[in-house]
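Student: Quick one, structure08.cif (mmCIF, C-alpha atoms):
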data_work
loop_
_atom_site.label_atom_id
_atom_site.label_comp_id
_atom_site.auth_asym_id
_atom_site.auth_seq_id
_atom_site.Cartn_x
_atom_site.Cartn_y
_atom_site.Cartn_z
CA MET A 167 5.81 -27.35 -14.58
CA SER A 168 3.15 -27.69 -11.92
CA GLU A 169 -0.50 -26.87 -12.31
CA CYS A 170 -3.21 -26.00 -9.82
CA ASN A 171 -6.95 -26.49 -9.92
CA ILE A 172 -8.79 -23.39 -8.82
CA SER A 173 -12.37 -22.34 -8.44
CA ILE A 174 -13.51 -18.74 -8.84
CA ILE A 175 -16.85 -17.03 -9.24
CA VAL A 176 -16.86 -14.43 -12.02
CA ASN A 177 -19.86 -12.12 -12.29
CA GLY A 178 -21.92 -14.65 -10.36
CA GLU A 179 -20.89 -17.65 -12.45
CA GLN A 180 -18.81 -20.46 -10.95
CA HIS A 181 -15.70 -21.51 -12.90
CA GLU A 182 -13.30 -24.40 -12.31
CA LEU A 183 -10.01 -24.17 -14.14
CA THR A 184 -6.46 -25.46 -14.19
CA VAL A 185 -3.66 -22.91 -14.26
CA GLU A 186 0.06 -22.70 -13.84
CA PRO A 187 0.91 -20.98 -10.53
CA ARG A 188 2.51 -18.12 -12.46
CA THR A 189 -0.68 -17.32 -14.39
CA LEU A 190 -1.81 -13.81 -13.54
CA LEU A 191 -5.45 -13.33 -12.61
CA VAL A 192 -5.93 -11.00 -15.60
CA SER A 193 -4.57 -13.68 -17.94
CA ALA A 194 -6.85 -16.34 -16.47
CA LEU A 195 -9.86 -14.04 -16.84
CA ARG A 196 -9.04 -13.09 -20.42
CA ASP A 197 -7.38 -16.16 -21.94
CA GLU A 198 -8.94 -19.03 -19.99
CA LEU A 199 -12.43 -17.68 -19.29
CA GLY A 200 -13.00 -15.10 -22.04
CA TYR A 201 -13.65 -12.09 -19.83
CA THR A 202 -11.72 -9.67 -22.00
CA GLY A 203 -13.09 -6.55 -20.30
CA ALA A 204 -10.12 -6.30 -17.96
CA ASN A 205 -7.34 -4.97 -20.18
CA VAL A 206 -3.64 -5.68 -19.95
CA GLY A 207 -1.86 -2.34 -19.90
CA CYS A 208 1.45 -1.85 -18.14
CA GLU A 209 1.49 -5.20 -16.29
CA THR A 210 3.39 -3.52 -13.48
CA GLY A 211 0.51 -2.58 -11.19
CA ARG A 212 0.61 1.04 -12.23
CA CYS A 213 -1.95 1.76 -14.97
CA GLY A 214 -5.12 0.16 -13.58
CA ALA A 215 -6.51 -1.01 -16.96
CA CYS A 216 -6.85 -4.49 -15.42
CA THR A 217 -8.88 -3.31 -12.40
CA VAL A 218 -11.54 -5.78 -11.24
CA ARG A 219 -13.30 -6.33 -7.92
CA GLU A 220 -12.25 -9.27 -5.78
CA ASN A 221 -14.60 -9.87 -2.86
CA SER A 222 -16.05 -6.36 -3.37
CA LYS A 223 -12.68 -4.54 -3.33
CA THR A 224 -10.92 -3.15 -6.39
CA ILE A 225 -7.59 -4.76 -7.18
CA LYS A 226 -5.22 -4.77 -10.13
CA SER A 227 -5.61 -8.22 -11.64
CA CYS A 228 -2.10 -8.09 -13.17
CA THR A 229 -0.65 -7.92 -9.67
CA ARG A 230 -2.54 -10.95 -8.46
CA LEU A 231 -1.90 -14.59 -9.28
CA ALA A 232 -4.93 -16.59 -10.36
CA VAL A 233 -4.08 -19.15 -7.67
CA GLN A 234 -4.26 -16.42 -5.02
CA ALA A 235 -7.84 -15.73 -6.12
CA ASP A 236 -8.89 -19.38 -5.65
CA GLY A 237 -12.21 -19.29 -3.78
CA SER A 238 -12.77 -15.58 -4.49
CA GLU A 239 -15.66 -13.76 -6.06
CA ILE A 240 -14.53 -11.64 -9.00
CA GLU A 241 -16.50 -8.90 -10.75
CA THR A 242 -15.39 -7.57 -14.13
CA VAL A 243 -16.76 -4.74 -16.23
CA GLU A 244 -18.93 -7.25 -18.11
CA GLY A 245 -20.89 -7.77 -14.90
CA ILE A 246 -21.84 -4.22 -13.97
CA ALA A 247 -24.61 -3.63 -16.53
CA ASP A 248 -28.07 -4.97 -15.67
CA ASN A 249 -29.24 -7.44 -18.31
CA GLY A 250 -27.36 -5.61 -21.02
CA ASP A 251 -28.70 -2.16 -20.12
CA LEU A 252 -25.90 0.31 -19.48
CA THR A 253 -25.62 1.66 -15.96
CA THR A 254 -25.89 5.38 -15.31
CA LEU A 255 -22.11 5.50 -14.94
CA GLN A 256 -21.58 3.86 -18.31
CA GLU A 257 -24.12 6.16 -19.93
CA GLN A 258 -22.40 9.19 -18.45
CA PHE A 259 -19.00 8.09 -19.75
CA GLN A 260 -20.67 8.15 -23.17
CA GLU A 261 -22.57 11.42 -22.59
CA GLN A 262 -19.60 13.33 -21.18
CA HIS A 263 -17.07 11.88 -23.65
CA GLY A 264 -15.26 10.22 -20.76
CA LEU A 265 -13.26 8.07 -23.17
CA GLN A 266 -11.37 8.37 -26.41
CA CYS A 267 -9.44 5.19 -27.25
CA GLY A 268 -11.33 3.36 -24.49
CA TYR A 269 -8.47 1.18 -23.31
CA CYS A 270 -8.54 2.49 -19.73
CA THR A 271 -12.34 2.57 -19.60
CA PRO A 272 -13.13 -0.88 -18.13
CA GLY A 273 -10.72 -0.30 -15.25
CA MET A 274 -11.90 3.28 -14.85
CA LEU A 275 -15.53 2.08 -14.67
CA MET A 276 -14.74 -0.56 -12.04
CA THR A 277 -12.89 1.98 -9.90
CA ALA A 278 -15.57 4.66 -10.29
CA ASP A 279 -18.45 2.21 -9.70
CA THR A 280 -16.84 1.02 -6.48
CA PHE A 281 -15.97 4.55 -5.36
CA LEU A 282 -19.56 5.77 -5.84
CA ARG A 283 -20.81 2.97 -3.59
CA GLU A 284 -18.72 4.44 -0.77
CA ASN A 285 -19.23 8.12 -1.55
CA ASP A 286 -22.44 9.14 -3.31
CA ASP A 287 -21.75 12.89 -3.16
CA PRO A 288 -18.06 13.34 -3.94
CA THR A 289 -16.14 16.53 -4.66
CA ARG A 290 -14.10 16.71 -7.86
CA GLU A 291 -10.95 16.46 -5.75
CA GLU A 292 -12.21 13.25 -4.13
CA ILE A 293 -13.01 11.84 -7.57
CA ARG A 294 -9.49 12.62 -8.78
CA GLU A 295 -8.02 10.91 -5.73
CA ALA A 296 -10.26 7.90 -6.27
CA ILE A 297 -9.02 7.37 -9.84
CA GLU A 298 -5.38 7.89 -8.88
CA GLY A 299 -4.66 4.25 -9.71
CA ASN A 300 -6.11 4.43 -13.22
CA LEU A 301 -4.09 6.09 -15.95
CA CYS A 302 -5.69 7.59 -19.06
CA ARG A 303 -3.40 8.87 -21.81
CA CYS A 304 -6.14 10.38 -23.99
CA THR A 305 -8.68 12.46 -22.15
CA GLY A 306 -6.65 14.48 -19.67
CA TYR A 307 -9.14 13.14 -17.08
CA GLN A 308 -11.42 16.19 -17.26
CA ASN A 309 -14.30 14.37 -18.95
CA ILE A 310 -13.83 11.27 -16.84
CA VAL A 311 -14.24 13.37 -13.69
CA ASP A 312 -17.26 15.03 -15.35
CA ALA A 313 -18.81 11.62 -16.03
CA ILE A 314 -18.34 10.40 -12.48
CA GLU A 315 -19.61 13.67 -11.05
CA ALA A 316 -22.67 13.61 -13.34
CA THR A 317 -23.38 10.03 -12.27
CA ALA A 318 -23.31 11.01 -8.61
CA ASP A 319 -25.60 13.98 -9.35
CA GLN A 320 -28.04 11.83 -11.28
CA LEU A 321 -28.18 9.00 -8.78
CA GLY A 322 -28.48 11.40 -5.84
CA GLY A 323 -28.97 9.39 -2.71
CA GLN A 324 -30.45 6.44 -4.57
CA ARG A 325 -27.61 4.08 -3.87
CA MET B 227 4.24 -10.97 -18.73
CA TYR B 228 5.09 -14.23 -17.05
CA THR B 229 7.41 -14.89 -14.17
CA ASN B 230 9.64 -17.94 -14.06
CA ASP B 231 8.02 -21.18 -12.99
CA PHE B 232 7.47 -21.82 -9.32
CA GLU B 233 5.56 -24.17 -7.06
CA TYR B 234 2.61 -22.74 -5.14
CA TYR B 235 1.45 -23.77 -1.68
CA ARG B 236 -1.42 -22.27 0.21
CA ALA B 237 -0.91 -22.45 3.98
CA ASP B 238 -3.89 -23.08 6.24
CA SER B 239 -2.22 -21.92 9.46
CA VAL B 240 0.92 -20.09 10.59
CA ASP B 241 2.42 -23.44 11.66
CA ASP B 242 1.59 -24.93 8.28
CA ALA B 243 3.27 -21.98 6.55
CA LEU B 244 6.40 -22.34 8.70
CA THR B 245 6.57 -26.06 7.87
CA LEU B 246 6.14 -25.34 4.16
CA LEU B 247 8.91 -22.73 4.32
CA SER B 248 11.29 -25.15 6.00
CA ASP B 249 10.40 -27.99 3.59
CA HIS B 250 11.02 -25.95 0.44
CA ALA B 251 14.43 -24.34 0.24
CA GLY B 252 14.31 -20.82 -1.16
CA ALA B 253 10.53 -20.54 -0.84
CA GLU B 254 9.15 -17.04 -0.32
CA LEU B 255 6.08 -16.00 1.64
CA VAL B 256 3.35 -14.01 -0.06
CA ALA B 257 0.15 -12.41 1.17
CA GLY B 258 -0.73 -9.52 -1.12
CA ALA B 259 2.44 -10.26 -3.14
CA HIS B 260 2.59 -6.57 -4.02
CA GLY B 261 6.25 -6.38 -3.12
CA LEU B 262 7.41 -9.69 -4.54
CA LEU B 263 5.32 -10.26 -7.68
CA PRO B 264 6.51 -7.11 -9.51
CA ARG B 265 10.10 -8.12 -8.75
CA MET B 266 9.44 -11.65 -10.00
CA LYS B 267 8.12 -10.24 -13.27
CA THR B 268 11.28 -8.24 -13.83
CA GLY B 269 13.45 -11.21 -12.87
CA ASP B 270 14.94 -9.45 -9.84
CA GLU B 271 13.69 -12.37 -7.79
CA SER B 272 12.94 -15.92 -8.84
CA PRO B 273 11.90 -18.06 -5.88
CA PRO B 274 11.33 -21.77 -6.65
CA ALA B 275 8.20 -21.81 -4.49
CA LEU B 276 5.67 -19.44 -2.95
CA VAL B 277 3.88 -20.07 0.33
CA ASP B 278 0.64 -18.07 0.38
CA ILE B 279 -0.59 -16.87 3.77
CA GLY B 280 -3.04 -14.35 2.29
CA GLN B 281 -6.11 -16.35 3.29
CA LEU B 282 -5.17 -17.01 6.92
CA ARG B 283 -7.80 -15.77 9.32
CA GLY B 284 -7.27 -13.75 12.48
CA LEU B 285 -4.14 -11.95 11.30
CA ASP B 286 -5.81 -8.77 10.08
CA MET B 287 -7.08 -7.29 13.32
CA ILE B 288 -6.39 -3.73 14.45
CA GLU B 289 -6.87 -3.37 18.19
CA GLU B 290 -5.80 -1.49 21.28
CA ASP B 291 -4.67 -3.34 24.38
CA ASP B 292 -7.09 -3.23 27.32
CA ASP B 293 -5.05 -0.59 29.12
CA GLY B 294 -4.74 1.49 25.95
CA THR B 295 -0.94 1.60 25.91
CA ASP B 296 -0.23 -0.54 22.86
CA LEU B 297 -1.72 -0.82 19.42
CA SER B 298 -1.61 -4.26 17.79
CA ILE B 299 -2.00 -4.66 14.05
CA GLY B 300 -2.09 -8.06 12.37
CA ALA B 301 0.40 -8.65 9.59
CA LEU B 302 -2.38 -9.22 7.05
CA ALA B 303 -4.12 -5.89 7.64
CA THR B 304 -4.16 -4.11 4.29
CA HIS B 305 -2.93 -0.56 3.81
CA ALA B 306 -6.54 0.43 3.05
CA GLU B 307 -7.75 -1.04 6.35
CA ILE B 308 -5.03 0.82 8.25
CA ALA B 309 -5.67 4.10 6.41
CA ASP B 310 -9.40 3.84 7.19
CA SER B 311 -9.01 2.78 10.82
CA GLU B 312 -10.23 5.37 13.31
CA THR B 313 -8.12 3.69 16.00
CA VAL B 314 -4.90 4.04 13.99
CA ARG B 315 -5.81 7.62 13.06
CA GLN B 316 -6.26 8.54 16.73
CA ARG B 317 -3.39 6.61 18.30
CA ALA B 318 -0.73 6.54 15.57
CA SER B 319 -1.68 9.03 12.88
CA VAL B 320 1.73 8.86 11.18
CA LEU B 321 0.94 5.25 10.24
CA ALA B 322 -2.56 6.10 9.00
CA ASP B 323 -1.00 8.91 6.93
CA ALA B 324 1.67 6.64 5.47
CA ALA B 325 -0.87 3.93 4.61
CA ALA B 326 -3.15 6.49 2.96
CA GLU B 327 -0.24 7.90 0.90
CA LEU B 328 0.94 4.50 -0.30
CA GLY B 329 0.34 3.65 -3.96
CA ASP B 330 -3.29 4.05 -5.02
CA PRO B 331 -6.65 2.63 -3.90
CA GLN B 332 -6.21 -0.73 -5.66
CA VAL B 333 -2.66 -1.17 -4.35
CA ARG B 334 -3.82 -0.28 -0.83
CA ASN B 335 -6.49 -2.98 -1.10
CA GLY B 336 -3.92 -5.53 -2.22
CA GLY B 337 -0.84 -4.94 -0.10
CA THR B 338 -0.44 -5.86 3.57
CA ILE B 339 1.50 -4.11 6.34
CA GLY B 340 3.42 -7.23 7.41
CA GLY B 341 4.57 -7.95 3.88
CA ASN B 342 5.49 -4.33 3.28
CA LEU B 343 7.74 -4.16 6.33
CA ALA B 344 9.33 -7.59 5.83
CA HIS B 345 10.02 -6.75 2.17
CA GLY B 346 12.19 -3.78 3.15
CA ASP B 347 11.65 -1.55 0.13
CA ALA B 348 13.43 1.66 1.12
CA ARG B 349 11.14 3.75 -1.13
CA SER B 350 7.95 2.68 0.62
CA ASP B 351 6.02 4.74 3.16
CA PRO B 352 5.23 2.52 6.20
CA PRO B 353 8.90 2.07 7.26
CA ALA B 354 9.17 5.77 8.22
CA ALA B 355 5.97 5.45 10.25
CA LEU B 356 7.11 2.32 12.10
CA LEU B 357 10.44 4.00 12.93
CA ALA B 358 8.80 7.24 14.10
CA LEU B 359 6.41 5.26 16.31
CA ASP B 360 9.23 3.12 17.72
CA GLY B 361 7.14 0.08 16.86
CA SER B 362 8.25 -3.51 16.55
CA LEU B 363 7.49 -6.61 14.52
CA GLU B 364 6.23 -9.81 16.08
CA VAL B 365 7.87 -12.69 14.28
CA ARG B 366 7.44 -16.44 14.51
CA GLY B 367 9.81 -19.22 13.53
CA LEU B 368 9.22 -22.97 13.61
CA ASP B 369 10.44 -23.27 17.19
CA ASP B 370 10.26 -19.83 18.69
CA LYS B 371 8.91 -16.33 18.50
CA ARG B 372 10.72 -13.03 18.84
CA THR B 373 10.33 -9.30 18.56
CA ILE B 374 12.29 -7.14 16.13
CA ASP B 375 12.49 -3.44 16.99
CA ALA B 376 11.99 -1.02 14.12
CA THR B 377 15.51 0.32 14.60
CA ASP B 378 16.94 -3.18 14.00
CA LEU B 379 14.65 -4.11 11.13
CA PHE B 380 15.99 -2.38 8.03
CA GLU B 381 19.41 -3.74 7.06
CA GLY B 382 19.71 -2.67 3.43
CA PRO B 383 17.81 -2.46 0.14
CA PHE B 384 15.21 -5.27 0.27
CA GLU B 385 17.02 -6.72 3.28
CA THR B 386 15.43 -6.93 6.71
CA ALA B 387 16.15 -8.72 9.96
CA VAL B 388 13.21 -11.07 9.28
CA ALA B 389 14.84 -14.44 8.47
CA ASP B 390 13.83 -16.51 5.42
CA ASP B 391 12.19 -19.14 7.64
CA GLU B 392 10.27 -16.66 9.79
CA ILE B 393 6.80 -15.14 9.49
CA VAL B 394 5.79 -11.66 10.60
CA THR B 395 2.53 -12.13 12.50
CA GLY B 396 1.92 -8.54 13.56
CA ILE B 397 3.23 -5.17 14.53
CA ARG B 398 3.07 -3.58 17.94
CA ILE B 399 3.09 0.15 18.55
CA PRO B 400 3.43 1.84 21.93
CA THR B 401 0.98 4.74 22.23
CA ILE B 402 0.56 7.58 24.71
CA ASP B 403 -2.09 10.27 24.96
CA ASP B 404 0.02 13.43 24.69
CA ALA B 405 1.84 12.55 21.48
CA VAL B 406 1.30 13.90 17.98
CA SER B 407 2.56 12.36 14.76
CA GLY B 408 2.34 12.69 11.01
CA TYR B 409 3.90 11.68 7.70
CA ARG B 410 4.82 13.95 4.80
CA LYS B 411 5.51 12.42 1.41
CA ARG B 412 7.10 13.89 -1.67
CA ARG B 413 5.85 11.48 -4.29
CA ASP B 414 7.96 10.38 -7.21
CA PRO B 415 5.50 11.17 -10.02
CA LEU B 416 6.68 8.22 -12.11
CA SER B 417 6.73 5.37 -9.61
CA GLY B 418 4.42 6.71 -6.91
CA TYR B 419 7.00 5.77 -4.29
CA ALA B 420 8.47 8.32 -1.89
CA LEU B 421 11.20 10.47 -3.37
CA VAL B 422 11.44 11.69 0.20
CA GLY B 423 9.15 10.66 3.05
CA VAL B 424 9.43 11.95 6.61
CA GLY B 425 7.64 10.54 9.63
CA VAL B 426 7.59 12.56 12.84
CA TRP B 427 6.40 11.72 16.35
CA LEU B 428 6.53 14.25 19.21
CA ARG B 429 5.58 14.14 22.86
CA THR B 430 4.99 17.62 24.21
CA ASP B 431 3.49 19.34 27.22
CA GLY B 432 2.07 22.00 24.95
CA GLU B 433 5.08 24.30 25.31
CA THR B 434 8.17 22.10 25.25
CA ILE B 435 9.10 19.12 23.10
CA GLU B 436 9.84 16.40 25.64
CA GLU B 437 10.60 13.56 23.25
CA ALA B 438 11.03 13.43 19.46
CA ARG B 439 11.39 10.73 16.84
CA VAL B 440 11.96 11.61 13.20
CA ALA B 441 12.51 9.06 10.43
CA VAL B 442 13.18 9.13 6.70
CA THR B 443 12.23 6.82 3.85
CA GLY B 444 12.77 7.14 0.10
CA ALA B 445 15.74 9.50 0.26
CA THR B 446 18.15 7.00 1.76
CA THR B 447 19.21 3.46 0.81
CA THR B 448 17.74 2.21 4.08
CA PRO B 449 14.88 3.79 6.06
CA ALA B 450 16.38 5.36 9.18
CA ARG B 451 15.84 7.58 12.20
CA LEU B 452 17.41 11.05 12.18
CA PRO B 453 19.01 11.30 15.65
CA ALA B 454 20.61 14.71 15.09
CA VAL B 455 17.18 16.21 14.35
CA GLU B 456 15.67 14.48 17.38
CA ASP B 457 18.44 15.74 19.70
CA GLU B 458 17.93 19.29 18.45
CA LEU B 459 14.18 19.12 19.18
CA GLU B 460 14.16 17.46 22.60
CA GLY B 461 13.93 19.82 25.54
CA GLU B 462 13.33 22.83 23.31
CA ALA B 463 10.39 25.21 23.28
CA ILE B 464 7.89 24.78 20.46
CA THR B 465 8.96 27.69 18.27
CA GLU B 466 9.78 28.37 14.66
CA ASP B 467 13.45 28.73 15.62
CA THR B 468 13.46 25.24 17.11
CA ILE B 469 11.99 23.74 13.95
CA THR B 470 14.38 25.63 11.69
CA ALA B 471 17.42 24.57 13.73
CA ALA B 472 16.32 20.94 13.91
CA SER B 473 15.44 20.63 10.21
CA ALA B 474 18.87 21.99 9.29
CA LYS B 475 20.37 18.88 10.89
CA ALA B 476 18.39 16.47 8.71
CA GLY B 477 21.15 15.94 6.17
CA ILE B 478 24.04 15.72 8.61
CA THR B 479 22.49 12.87 10.47
CA VAL B 480 22.64 10.58 7.43
CA ASP B 481 25.91 8.78 6.65
CA ASP B 482 27.92 9.87 3.63
CA GLY B 483 26.81 7.90 0.61
CA ALA B 484 23.51 6.88 2.16
CA PHE B 485 21.42 9.23 0.03
CA VAL B 486 19.94 7.59 -3.05
CA SER B 487 21.02 9.02 -6.38
CA ASP B 488 19.05 8.06 -9.47
CA VAL B 489 17.42 9.43 -12.62
CA GLN B 490 14.74 11.17 -10.52
CA ALA B 491 17.00 13.09 -8.14
CA SER B 492 20.68 13.31 -7.23
CA ALA B 493 21.88 12.52 -3.71
CA GLU B 494 22.63 16.21 -3.20
CA TYR B 495 19.10 17.21 -4.22
CA ARG B 496 17.53 14.53 -2.02
CA GLU B 497 19.53 15.85 0.93
CA HIS B 498 18.22 19.33 0.19
CA LEU B 499 14.63 18.05 -0.06
CA LEU B 500 14.97 16.12 3.18
CA THR B 501 15.70 19.35 5.07
CA ILE B 502 12.66 21.04 3.56
CA ASP B 503 10.34 18.07 4.10
CA THR B 504 11.51 17.55 7.68
CA GLU B 505 10.62 21.15 8.39
CA ARG B 506 7.21 20.80 6.74
CA ALA B 507 6.50 17.51 8.52
CA LEU B 508 7.20 19.20 11.86
CA TYR B 509 4.94 22.15 11.03
CA ASP B 510 2.21 19.66 10.02
CA VAL B 511 1.98 18.26 13.55
CA ILE B 512 2.82 21.31 15.69
CA ASP B 513 0.51 24.20 16.36
CA ILE B 514 3.03 27.02 16.36
CA SER B 515 0.61 29.86 17.13
CA GLN B 516 0.44 29.13 20.83
#
Rewrite the coordinates I just gave you, this time as C-alpha cells.
Tutor:
Amino acid sequence: MSECNISIIVNGEQHELTVEPRTLLVSALRDELGYTGANVGCETGRCGACTVRENSKTIKSCTRLAVQADGSEIETVEGIADNGDLTTLQEQFQEQHGLQCGYCTPGMLMTADTFLRENDDPTREEIREAIEGNLCRCTGYQNIVDAIEATADQLGGQR
Amino acid sequence: MYTNDFEYYRADSVDDALTLLSDHAGAELVAGAHGLLPRMKTGDESPPALVDIGQLRGLDMIEEDDDGTDLSIGALATHAEIADSETVRQRASVLADAAAELGDPQVRNGGTIGGNLAHGDARSDPPAALLALDGSLEVRGLDDKRTIDATDLFEGPFETAVADDEIVTGIRIPTIDDAVSGYRKRRDPLSGYALVGVGVWLRTDGETIEEARVAVTGATTTPARLPAVEDELEGEAITEDTITAASAKAGITVDDGAFVSDVQASAEYREHLLTIDTERALYDVIDISQ
C-alpha cells in the first residue's frame, strides 16, 4: 500500500497530509482534516452533497481523489460565513425554510454561492438549472429556489 | 467507498506521462477522472496505477486556426469551458450544446473533453458532436503521433481506437461559415446520461441541403453516424417533407442488435425515440419558414 504526501489549502489554511492514493477528497476533508461540512451522500457523483470549490470552481469531492487536489485551494461550507456571521444566502435558507433534514444543504450552499457570483439577477429557471447537480429529497426544491432568489434580490448588484 | 489499491503518479509533461504509462503495465491515464473513478468504485475497472495529467499546462486551449478553417481544442479543456466558449458556440454549436447538456455544473467543471472521448462511454454526449462535426483526435505515443478520425474512434462499449500507451492531446474540428449544427438530448432521468442523443450538422445554401452529417449517442451500443438519414437529406430542398423522410430512416441505418435495451427503455422503444429525436434535432437547426 503506497502513500502520498499532499499539500492543500482549505478555507485559507495550509494543510500537509499523508493519504493513500485511493482516498477521496471528501474523505480526506472529513476524516483527516475535520471539515465535516461536505457530506457523503451517494458517492457516485450524482447527489452533490459533497460539493466544494476547488480553485474557485464547484466540484463533487467524492469524484476527486485527494492526490489529484494536491496543490489546490479548497473551500468548504465552513469557510463561506464571515467570522461566524451567517451570509445572506445562509440566512435566506433559514428564512425561506430552504432545508428540512439539512443533509444536502452544505452542497446546495456551495453551488448557490458560486452561482450567485456569476449571475446576480437569475430567473427561477436559471436557479433550477444551477442546482441540477444537487439532489434534495425533502423540500421539493421550491423553498431552496425561493432562498436563492431572495438572496439575489437582497444583495442586488452588491456583489 | 474505496476503490482497490493503486499507485499514483503525477506527470509533469506529456513525454513524462508517456514514459510513466510504458513503465507501469496496466496503468490508466486520468485528468478529471470522471469516467474512470466511478468505474473503479464499482469494481468495473481496477488499474494497478494511475498517471495523472490533470495539471499539465497548455492542453486546455480553445482556438481557431489563423485562416479560420479549423477549431483546435486541448484535451484538458473541461466541458464547462467548452460550453461557455463563444468560439465553440459560433463555429461548432453542436459541441457547445453537447458540453452544456452533459451531467451537471460540477461534473462539467470536473470532466475533460479528451478523457470523455478516449473513455468511449456510449451514453455520453460529446461523441455525437464529434461525429457530426467530422472531427478527429490528435494522439501521441512514445515515438510517434497520429490522428484518429471520429468515424474510426468508437469501437465498442468503453473501447476506443486510442491505445493504452497513447495520450489524446487535443481534438481538431473542421469548420466552415455556411454550416449549422445542434445537439438534442433525451436525458435519462436516473443517470443523467443520454437515453437518446442526436447531433446534426448541415451545410446549406439557404434552400438546399448540400451536405449532412447526423450522429447518435445513447441509443446504440456504440456512438455512430446515421448514413441513411444523411443520404436522404443531401441534395434535397429544405422542407418539412425532406425532414420527415430523412428522420424515418434513422432506425434502419443502425445494425440489428445495435440498439441498447435496458431497464430504462427497450431497443424497440429507443429506435422509436431515435426517429422522433432526429426529426426534432433537424428542426432545431433549420429555419423551415423560408
Student: If you measure from atom CA of B:Leu285 to atom CA of B:Ala303, what distance in Å do you get, rounded to one decimal?
Tutor: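 Taking atom CA of B:Leu285 as the start and atom CA of B:Ala303 as the end point, the length is 7.1 Å.
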Student: Could you tell me which of B:Val440, B:Ala420, B:Leu246, B:Gln332 comes closest to B:Leu499 if we count all atoms listed in the file?
Tutor: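 Under the stated criterion, the closest residue is B:Ala420.
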Student: With the cut-off set at 6 Å and counting all atoms listed in the file, tabulate each residue of chain A with an atom at most that distance from an atom of chain B, showing the nearest atom pair and its distance in Å to one decimal, ordered by chain and increasing number, as a Markdown table.
Tutor:
| residue | atom | partner | partner_atom | distance |
| --- | --- | --- | --- | --- |
| A:Pro187 | CA | B:Tyr234 | CA | 5.9 |
| A:Thr224 | CA | B:Gln332 | CA | 5.3 |
| A:Ile225 | CA | B:Gln332 | CA | 4.5 |
| A:Glu298 | CA | B:Asp330 | CA | 5.8 |
| A:Gly299 | CA | B:Asp330 | CA | 4.9 |
Student: I need the output of the PyMOL selection byres ((chain B and resi 319) around 12) for this file as a PDB file with C-alpha atoms, in the frame of the given file; which residues are they?
Tutor:
ATOM      1  CA  LEU B 297      -1.720  -0.820  19.420  1.00  0.00           C
ATOM      2  CA  ILE B 308      -5.030   0.820   8.250  1.00  0.00           C
ATOM      3  CA  ALA B 309      -5.670   4.100   6.410  1.00  0.00           C
ATOM      4  CA  ASP B 310      -9.400   3.840   7.190  1.00  0.00           C
ATOM      5  CA  SER B 311      -9.010   2.780  10.820  1.00  0.00           C
ATOM      6  CA  GLU B 312     -10.230   5.370  13.310  1.00  0.00           C
ATOM      7  CA  THR B 313      -8.120   3.690  16.000  1.00  0.00           C
ATOM      8  CA  VAL B 314      -4.900   4.040  13.990  1.00  0.00           C
ATOM      9  CA  ARG B 315      -5.810   7.620  13.060  1.00  0.00           C
ATOM     10  CA  GLN B 316      -6.260   8.540  16.730  1.00  0.00           C
ATOM     11  CA  ARG B 317      -3.390   6.610  18.300  1.00  0.00           C
ATOM     12  CA  ALA B 318      -0.730   6.540  15.570  1.00  0.00           C
ATOM     13  CA  VAL B 320       1.730   8.860  11.180  1.00  0.00           C
ATOM     14  CA  LEU B 321       0.940   5.250  10.240  1.00  0.00           C
ATOM     15  CA  ALA B 322      -2.560   6.100   9.000  1.00  0.00           C
ATOM     16  CA  ASP B 323      -1.000   8.910   6.930  1.00  0.00           C
ATOM     17  CA  ALA B 324       1.670   6.640   5.470  1.00  0.00           C
ATOM     18  CA  ALA B 325      -0.870   3.930   4.610  1.00  0.00           C
ATOM     19  CA  ALA B 326      -3.150   6.490   2.960  1.00  0.00           C
ATOM     20  CA  PRO B 352       5.230   2.520   6.200  1.00  0.00           C
ATOM     21  CA  ALA B 355       5.970   5.450  10.250  1.00  0.00           C
ATOM     22  CA  LEU B 356       7.110   2.320  12.100  1.00  0.00           C
ATOM     23  CA  ALA B 358       8.800   7.240  14.100  1.00  0.00           C
ATOM     24  CA  LEU B 359       6.410   5.260  16.310  1.00  0.00           C
ATOM     25  CA  ILE B 399       3.090   0.150  18.550  1.00  0.00           C
ATOM     26  CA  THR B 401       0.980   4.740  22.230  1.00  0.00           C
ATOM     27  CA  ALA B 405       1.840  12.550  21.480  1.00  0.00           C
ATOM     28  CA  VAL B 406       1.300  13.900  17.980  1.00  0.00           C
ATOM     29  CA  SER B 407       2.560  12.360  14.760  1.00  0.00           C
ATOM     30  CA  GLY B 408       2.340  12.690  11.010  1.00  0.00           C
ATOM     31  CA  TYR B 409       3.900  11.680   7.700  1.00  0.00           C
ATOM     32  CA  ARG B 410       4.820  13.950   4.800  1.00  0.00           C
ATOM     33  CA  GLY B 425       7.640  10.540   9.630  1.00  0.00           C
ATOM     34  CA  VAL B 426       7.590  12.560  12.840  1.00  0.00           C
ATOM     35  CA  TRP B 427       6.400  11.720  16.350  1.00  0.00           C
ATOM     36  CA  LEU B 428       6.530  14.250  19.210  1.00  0.00           C
ATOM     37  CA  ASP B 510       2.210  19.660  10.020  1.00  0.00           C
ATOM     38  CA  VAL B 511       1.980  18.260  13.550  1.00  0.00           C
TER      39      VAL B 511
END
Student: For stretch 383-394 of chain B, find every residue with an atom within 7 Å (counting all atoms listed in the file), except residues of its own chain fewer than 3 positions away, and show them as an MDAnalysis selection string.
Tutor: chainID B and resid 244 247:248 301 340 344:348 363:367 378:380 447:448
Student: How big is the axis-aligned box, and where does its centre sit, when it encloses all atoms of stretch 495-500 of chain B listed in the file and has 5 Å added on every side, reported in Å to one decimal as AutoDock Vina command-line options?
Tutor:
--center_x 17.1 --center_y 16.9 --center_z -0.5 --size_x 14.9 --size_y 14.8 --size_z 17.4
Student: What lies within 8 Å of A:Gln258 using all atoms listed in the file, ignoring chain neighbours under 6 positions off, as a ChimeraX atom specification?
Tutor: /A:264,313-314,316-317
Student: Take the PyMOL selection byres ((chain A and resi 206-219) around 6), apply it to the structure above, and return the hits as a ChimeraX atom specification.
Tutor: /A:204-205,220,222-229,240-242,270,273,299-301
Student: Do you know which residues are at most 10 Å from A:His263 counting only C-alpha atoms, after dropping those on the same chain fewer than 5 positions away, and could you put them as a ChimeraX atom specification?
Tutor: /A:257-258,305,308-310,312-313
Student: For the structure provided, state which residues fall under the PyMOL selection byres ((chain A and resi 280) around 10), and present them as a PyMOL selection string.
Tutor: chain A and resi 218-219+222-224+274-279+281-285+296
